[in-house]
Amino acid sequence: MNVPAHTDALFRQAERGVLPLGELFQGAQAMADLGMPQEAIRLYETWLAHTTSPVAYAACFNLAVVRSSVGDDAGAEREYLKAIAVAPGFVEARLNLGTLYERMNRPDDALAAWQAILSDVPDVATKPALHVQTLNNLGRLCEIRKRLTEALDYLTRSLELDPDQSKVITHWVHLRQKLCIWPIYQAFAGVTVEEQHRHTSALATLGASSDPAEQLAASRHFVERKVQVAPERLAPAEGYAHQRIRIGYLSSDLCSHAVAILTAELYELHDRARVEVYAFSWSREDNSPLRARVVGAMDHYIRIDGMTDEEAARCIRAHEIDVLVDLHGLTLGARADILGWRPAPVQLTWLGFPGPTGIPDIDYVVADDFVLPPELEPYFTERPLRMPHTFQINDRRRAIGPTPTRAASGLPDDKFVFCAFNSTFKITPEMFDAWMRILAQVPDGVLWIVADSDATRANLVREAEARGVDGSRLLFAQRVAPADYLARFRVADLFLDTNPFNGGTTASDALWAGLPVLTCAGRTFCSRMAGSLLNAVGLPELVTHDLRDYEALAVALAHDRTRLAGLRARLAAERDTSALFDTPRFVRDFEDKLETVVKHPAGVMPTDDAHAHHAHGVPEPAPGDLSLQQSTMLALMRPGMHSVAEVGGATLAQAWRARTSNSHFIEIGPAPLPGTAAGWSTSRITRDPELLDDGDWQQLASAQCWLFPETLERLRDPWAFLRRLRRQALGQVELVACVNNAQHWVTQLLLASGNLNQRDNVLHDRRHLHQFTRTSLAALLQECGYVIIDMTTVTAQQPPPAVVAAIRQLAEAGGADPLLAEQDALPYQYLVRAIGA
């Protein structure tokens, strides 16, 4: 891309040290706006090298901003620190530096940068907007880091400066819930109790109110403030003519999270003759075995965290998803605006948020007759999709560790242990009152609680003593590994549920581990969840409907160990055959329910061949004409890019130019790949990609996206090629690659038999010079300066049980995680989108 002629004058002035600061800013911004951030960086560097100015710190600041925009975090940090060194009172630079550190996953450095504003900038109080922003940043990140007392203190100070901050009030209320500071609502410094109620989040309201009308009002208030009205609806209202239902799961919790804990086996058990399973994910890459298992169970795993809500919605629409299942609702990190674009003809919500979402474009909520009775329907904006037994699925593969001793768990051997492991924000003063009355009637009873914060523990002990109960009777459990957490339930005697927000995953964890759960069902969905689980597991007598009966039954069971032992024995005997833990039956029922709501065009026979159409005179190949590899790579490509280069041919040229007719498509390689659509590329370089000369690279420098359809592994030195590609690019560059998985189970079998090089198929191509696994592919991209944005897997047949056992055994012998090794052996290809950092 050529620099506009008038910018030459800017560089000449900068080199002579006579370019005014205002013109520097305007010129650099114009370059950035034209997609030339590297030129903007060069202009700032030239100016700083040749100009002595008392306001050079401002140029350093702007240079840091541009460096950050192109992924040069180290350079941005360096320039922010220069600006701060020259102008210690420059609060904006300190704020940006903290934000940069947070993005770089350096939270302690981020907190230090913001705390330094309060300690090192004497006049920060004279800059109220920046002062408030600093306090809010500190409060938000401290809350994320579970430093709850500090977070509450920062947000209180922020509201004292500016009480008109609805978002801050929302977090302030929820922090008091987590810390068990009662009463939750308390007026201070111009923030009224009425304001606090009005700005309580939808999630916090589930734990604060037993009124279904209040819960719906809180959700609608959130939607009014936060959810945008999309300008169009993307999916055809009449649906698609697919033989198999395409289910898309929308979530950021497909990692070590309660949602994935419940649903992992669902994705594995879906009947591929009936459905095709997609994940549209912005989940954190926590490298947990659970995340690997979930990713491996998907037919298509597509990351959307690098997309805007509109881009994500259009990506979902491009895959012609029949039913989009939102697993988030209104919980932290939700992207409700995606749903507003109506990317699927049918959209439903499930598990993430156990209440009405108020989101207009969600059609259904997965429920059952108990958890959402007919009298509760007027308080939901969604129609119930009623499962025959229970709304909640469970994973039968959850491992339970060895049962610990009570002493190892910090429990007395001679006491009756009431277990209350729900999140502390679900504990209300009324619920705590009931627990203390139970302890008063069970003299040898103790209450076992999980509380992450020292302050929360201290508050609960103080509240117990205020109610006449010795604080030493409250015992607190530490966080442990998942298998040990489940095993721990076995040393308790009875689980005490919370109301009005029951345990969901926690209650099913207790039941799976064999611990009876006592619940009090109310008038809201979230207060009836545990009752649904108990009905499904065959223990309906543990469902009460007011706190007096709840207390009485808890006391009676504590005094009648024989009766309690009988309940425990029934749970142990019937657990695996109960509806609650019959996961295959749940999956069949769920697919049956989806078939009742999926939409098909009237008079059109279902088929897996989607429509073909013509765009701007370029005929788009029908999806049936594209391979799975090609269609998935096309879906990974960001819409609107003006220049694309493909290494090895032009397999995607026709499909891409049908979508973006005025784009430039360059194919690179001495000979076209089999299957190349001849004539659709706009330019061709007939040279070995690794022998490109300077002229070739100049022609390719403006390419925004590079495609590698099984060609990355054919390069002699992909590391050198990817590094040069990144250096030569004028702006930020993206890669979309399809890479065969060298860890696939069939490849492992061929290696074991010594026949790998005697087979030439999709798993092993003799032209491949390198073999990549998931981890080595990620390492290649990281070493070359790229960040993975999306990754989807392609799987085929499942390995026989004997092969799975052998893979797990081999992994254990090598000191690797056997579950992760099993999951990484399932995909035969990885399709990845990465961005040059």
# chains A, B, ... in the order shown; residues from 1 in each chain; ligands from 1
>>> residues_around(residues="Asp688 of chain A", least_positions_apart="2", cutoff="9 Å", atoms="only C-alpha atoms", output="ChimeraX atom specification")
/A:648,668-670,685-686,690-692
>>> write_last_selection(atoms="C-alpha atoms", output="PDB file, in the first residue's frame")
ATOM      1  CA  GLY A 648      -0.853 -23.662  -2.830  1.00  0.00           C
ATOM      2  CA  ILE A 668       0.702 -18.784  -4.820  1.00  0.00           C
ATOM      3  CA  GLY A 669       2.350 -21.960  -6.074  1.00  0.00           C
ATOM      4  CA  PRO A 670       3.976 -23.506  -9.111  1.00  0.00           C
ATOM      5  CA  ILE A 685       2.398 -16.043  -8.453  1.00  0.00           C
ATOM      6  CA  THR A 686       3.786 -19.198 -10.066  1.00  0.00           C
ATOM      7  CA  GLU A 690       9.471 -20.231   0.071  1.00  0.00           C
ATOM      8  CA  LEU A 691      11.340 -18.754  -2.922  1.00  0.00           C
ATOM      9  CA  LEU A 692       9.315 -15.538  -3.199  1.00  0.00           C
TER      10      LEU A 692
END
>>> residues_around(residues="segment 304-314 of chain A", least_positions_apart="4", cutoff="12 Å", atoms="only C-alpha atoms", output="ChimeraX atom specification")
/A:227-235,248-252,279-285,318-321,324,333-344,635-640,734,787-792,832-835
>>> atom_distance(atom1="atom CA of Leu634 of chain A", atom2="atom CA of Ala703 of chain A")
16.1 Å
>>> residues_around(residues="segment 716-718 of chain A", least_positions_apart="5", cutoff="9 Å", atoms="only C-alpha atoms", output="list in words")
Glu690, Arg723, Leu769, His770 and Leu780 of chain A
>>> closest_residue(among="A:Tyr550, A:Arg398, A:Lys415, A:Val259", to="Asp484 of chain A", atoms="only C-alpha atoms")
A:Arg398
>>> residues_around(residues="Leu148 of chain A", least_positions_apart="6", cutoff="9 Å", atoms="only C-alpha atoms", output="list in words")
Gly139, Cys142, Leu175, Arg176, Lys178, Leu179, Ser453, Ala455 and Thr456 of chain A
>>> residues_around(residues="Ala825 of chain A", least_positions_apart="3", cutoff="7 Å", atoms="only C-alpha atoms", output="PyMOL selection string")
chain A and resi 743-745+821-822
>>> residues_around(residues="segment 463-468 of chain A", least_positions_apart="4", cutoff="12 Å", atoms="only C-alpha atoms", output="short mmCIF file (atom, residue, chain, number, x, y, z; two decimals) with N, CA and C atoms, in the first residue's frame")
data_model
loop_
_atom_site.label_atom_id
_atom_site.label_comp_id
_atom_site.auth_asym_id
_atom_site.auth_seq_id
_atom_site.Cartn_x
_atom_site.Cartn_y
_atom_site.Cartn_z
N LEU A 179 -20.00 -10.98 50.22
CA LEU A 179 -19.34 -10.83 51.51
C LEU A 179 -20.29 -11.08 52.68
N CYS A 180 -21.57 -11.31 52.38
CA CYS A 180 -22.59 -11.52 53.43
C CYS A 180 -22.61 -10.35 54.40
N ILE A 181 -22.62 -9.15 53.85
CA ILE A 181 -22.79 -7.93 54.65
C ILE A 181 -24.28 -7.61 54.65
N TRP A 182 -24.92 -7.74 55.79
CA TRP A 182 -26.37 -7.57 55.89
C TRP A 182 -26.72 -6.37 56.77
N PRO A 183 -27.76 -5.59 56.43
CA PRO A 183 -28.58 -5.77 55.23
C PRO A 183 -27.80 -5.41 53.97
N ILE A 427 -26.69 -16.86 50.11
CA ILE A 427 -27.09 -16.91 51.52
C ILE A 427 -27.75 -15.59 51.89
N THR A 428 -29.01 -15.64 52.24
CA THR A 428 -29.74 -14.45 52.69
C THR A 428 -29.82 -14.45 54.21
N PRO A 429 -30.11 -13.30 54.84
CA PRO A 429 -30.28 -13.30 56.30
C PRO A 429 -31.38 -14.26 56.76
N GLU A 430 -32.45 -14.36 55.96
CA GLU A 430 -33.55 -15.25 56.32
C GLU A 430 -33.11 -16.71 56.28
N MET A 431 -32.32 -17.06 55.26
CA MET A 431 -31.83 -18.43 55.15
C MET A 431 -30.87 -18.74 56.30
N PHE A 432 -30.03 -17.77 56.62
CA PHE A 432 -29.07 -17.97 57.71
C PHE A 432 -29.78 -18.09 59.05
N ASP A 433 -30.85 -17.31 59.22
CA ASP A 433 -31.66 -17.44 60.43
C ASP A 433 -32.15 -18.88 60.59
N ALA A 434 -32.65 -19.46 59.49
CA ALA A 434 -33.17 -20.83 59.54
C ALA A 434 -32.05 -21.81 59.91
N TRP A 435 -30.87 -21.63 59.33
CA TRP A 435 -29.76 -22.52 59.65
C TRP A 435 -29.37 -22.42 61.12
N MET A 436 -29.36 -21.20 61.65
CA MET A 436 -28.99 -21.03 63.06
C MET A 436 -30.06 -21.65 63.98
N ARG A 437 -31.31 -21.56 63.58
CA ARG A 437 -32.35 -22.20 64.40
C ARG A 437 -32.20 -23.72 64.36
N ILE A 438 -31.79 -24.24 63.20
CA ILE A 438 -31.54 -25.69 63.10
C ILE A 438 -30.40 -26.08 64.04
N LEU A 439 -29.29 -25.33 64.00
CA LEU A 439 -28.16 -25.64 64.87
C LEU A 439 -28.54 -25.55 66.34
N ALA A 440 -29.41 -24.61 66.67
CA ALA A 440 -29.84 -24.48 68.06
C ALA A 440 -30.59 -25.73 68.54
N VAL A 446 -22.80 -29.12 63.25
CA VAL A 446 -21.93 -28.05 62.74
C VAL A 446 -22.36 -27.75 61.31
N LEU A 447 -22.04 -26.55 60.84
CA LEU A 447 -22.40 -26.12 59.49
C LEU A 447 -21.13 -25.91 58.69
N THR A 456 -15.68 -12.70 54.28
CA THR A 456 -16.97 -13.40 54.28
C THR A 456 -17.05 -14.35 55.46
N ARG A 457 -15.99 -15.09 55.69
CA ARG A 457 -15.98 -16.02 56.82
C ARG A 457 -16.17 -15.28 58.14
N ALA A 458 -15.46 -14.17 58.29
CA ALA A 458 -15.58 -13.39 59.53
C ALA A 458 -16.99 -12.84 59.70
N ASN A 459 -17.59 -12.39 58.62
CA ASN A 459 -18.95 -11.85 58.70
C ASN A 459 -19.95 -12.92 59.11
N SER A 472 -17.63 -21.08 66.44
CA SER A 472 -16.78 -22.24 66.13
C SER A 472 -17.57 -23.37 65.50
N ARG A 473 -18.90 -23.28 65.52
CA ARG A 473 -19.72 -24.32 64.90
C ARG A 473 -19.87 -24.11 63.39
N LEU A 474 -19.33 -23.00 62.90
CA LEU A 474 -19.25 -22.78 61.45
C LEU A 474 -17.87 -23.20 61.00
N LEU A 475 -17.81 -24.16 60.10
CA LEU A 475 -16.55 -24.67 59.58
C LEU A 475 -16.46 -24.33 58.09
#
>>> decode(residues="segment 363-378 of chain A", atoms="N, CA, C and O atoms", output="compact mmCIF listing (two decimals), in the first residue's frame")
# COMPACT_ATOMS: atom_id res chain seq x y z
N ASP A 363 -36.66 -17.60 22.08
CA ASP A 363 -38.00 -18.18 21.92
C ASP A 363 -38.40 -19.09 23.08
O ASP A 363 -39.54 -19.08 23.52
N TYR A 364 -37.45 -19.92 23.55
CA TYR A 364 -37.77 -20.96 24.51
C TYR A 364 -36.77 -20.99 25.66
O TYR A 364 -35.62 -20.56 25.51
N VAL A 365 -37.23 -21.51 26.79
CA VAL A 365 -36.35 -21.85 27.89
C VAL A 365 -36.54 -23.34 28.18
O VAL A 365 -37.67 -23.83 28.23
N VAL A 366 -35.44 -24.08 28.34
CA VAL A 366 -35.54 -25.49 28.67
C VAL A 366 -35.97 -25.62 30.13
O VAL A 366 -35.34 -25.05 31.03
N ALA A 367 -37.04 -26.35 30.37
CA ALA A 367 -37.65 -26.41 31.70
C ALA A 367 -38.24 -27.80 31.91
O ALA A 367 -38.01 -28.73 31.15
N ASP A 368 -39.01 -27.94 32.99
CA ASP A 368 -39.81 -29.13 33.23
C ASP A 368 -41.03 -28.69 34.02
O ASP A 368 -41.15 -27.51 34.41
N ASP A 369 -41.94 -29.62 34.29
CA ASP A 369 -43.20 -29.25 34.94
C ASP A 369 -43.02 -28.72 36.35
O ASP A 369 -43.79 -27.87 36.81
N PHE A 370 -41.99 -29.20 37.06
CA PHE A 370 -41.81 -28.75 38.43
C PHE A 370 -41.11 -27.39 38.47
O PHE A 370 -41.53 -26.48 39.18
N VAL A 371 -40.02 -27.25 37.73
CA VAL A 371 -39.22 -26.04 37.85
C VAL A 371 -39.94 -24.82 37.26
O VAL A 371 -39.70 -23.69 37.68
N LEU A 372 -40.82 -25.05 36.28
CA LEU A 372 -41.56 -23.95 35.68
C LEU A 372 -43.02 -24.37 35.54
O LEU A 372 -43.47 -24.71 34.44
N PRO A 373 -43.78 -24.33 36.63
CA PRO A 373 -45.20 -24.71 36.57
C PRO A 373 -45.99 -23.66 35.79
O PRO A 373 -45.52 -22.54 35.57
N PRO A 374 -47.19 -24.00 35.33
CA PRO A 374 -47.98 -23.07 34.50
C PRO A 374 -48.19 -21.71 35.14
O PRO A 374 -48.17 -20.68 34.44
N GLU A 375 -48.34 -21.65 36.47
CA GLU A 375 -48.58 -20.35 37.11
C GLU A 375 -47.36 -19.43 37.05
O GLU A 375 -47.47 -18.22 37.30
N LEU A 376 -46.18 -19.98 36.73
CA LEU A 376 -44.97 -19.16 36.62
C LEU A 376 -44.75 -18.64 35.20
O LEU A 376 -43.98 -17.69 35.00
N GLU A 377 -45.44 -19.19 34.22
CA GLU A 377 -45.23 -18.82 32.82
C GLU A 377 -45.43 -17.33 32.53
O GLU A 377 -44.69 -16.76 31.72
N PRO A 378 -46.40 -16.63 33.16
CA PRO A 378 -46.56 -15.20 32.86
C PRO A 378 -45.33 -14.36 33.22
O PRO A 378 -45.21 -13.23 32.75
